[in-house]
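A short write-up of the structure that comes next.
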Amino acid sequence: MLNEPRIHIQVQSTYVESQSQPEQQRFVFAYTVSIRNLGHSPVQLISRYWLITNSDGHKTEVQGEGVVGKQPLIPPGTEYRYNSGAILETPLGTMEGHYNMIDHDGRPFRVTIPVFRLAISTLIN
């Protein structure tokens, strides 16, 4: 598999205070991922891999087919957006990973998801 420069990934995360229970070390975060196809042909997202690290250094790996139950086809010049979430035992952590995708000829390639922070807003200034 080769890295594919035609796909741009952007992630925004937020702390979900209403679902969190800090006294029980349960910190819930929501995130929105935007996957933009900057190429000239459609691509399809087949599977995902996440590495979630909390501030204690505990790592969790998550992998599976598609995202939020879908394997979206992303036409050229368009963006696919989805929302998901993660639960940490600490108020601060990071996520990073990759998507396995195929091009219009069925050739597989991998797109890196840059590291992003999961943090309670009061911890970021």
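Order determines the names: the first chain of the structure tokens is A, the second B, and so forth; residues in each chain are numbered 1 upward, and ligands are numbered 1 upward as they are shown.
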
Restrict the calculation to only C-alpha atoms, then for each residue of range 51-93 of chain A with any atom at most 6 Å from an atom of range 40-43 of chain A give the closest atom pair and their distance in Å to one decimal, rows by chain and rising residue number, as CSV.
```
residue,atom,partner,partner_atom,distance
A:Leu73,CA,A:Val43,CA,5.8
A:Ile74,CA,A:Val43,CA,5.3
A:Pro75,CA,A:Pro42,CA,4.2
A:Pro76,CA,A:Ser41,CA,5.1
```

CA of Gln71 in chain A to CA of Arg117 in chain A, distance in Å rounded to a single decimal
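So the answer is 25.1 Å.
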
Picked from chain A by DSSP as strand (DSSP E or B), as JSON, numbers by chain:
{"A": [3, 7, 8, 9, 10, 11, 12, 13, 14, 15, 21, 26, 27, 28, 29, 30, 31, 32, 33, 34, 35, 36, 37, 43, 44, 45, 46, 47, 48, 49, 50, 51, 52, 53, 54, 59, 60, 61, 62, 63, 64, 65, 67, 70, 73, 74, 79, 80, 81, 82, 83, 84, 85, 86, 87, 88, 92, 93, 94, 95, 96, 97, 98, 99, 100, 101, 102, 108, 109, 110, 111, 112, 113, 114, 115, 116, 117, 118, 119]}

d(CA of Leu118 in chain A, CA of Phe29 in chain A) in Å
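Calculated distance between CA of Leu118 in chain A and CA of Phe29 in chain A is 6.6 Å.
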
Non-local contacts of Ile87 in chain A (12 Å; only C-alpha atoms; under 2 positions in same chain excluded) as number ranges by chain:
A: 14-17, 19-22, 24-31, 52-54, 60, 84-85, 89-95, 118-119

What's the 8 Å shell around Val67 in chain A, counting only C-alpha atoms, without same-chain residues fewer than 4 positions away, as a VMD selection string?
chain A and resid 47 to 48 71 82

What does the distance from CA of Ile7 in chain A to CA of Phe109 in chain A come to in Å, to one decimal?
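Those two atoms sit 10.6 Å apart.
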
Would you pick out the contacts of Leu51 in chain A at 8 Å or less, using only C-alpha atoms, so that residues sharing its chain but fewer than 4 positions from it are not included, and give the list as a list in words?
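These residues fall inside the cut-off: Lys59, Thr60, Glu61, Val62, Met95, Glu96 and Gly97 of chain A.
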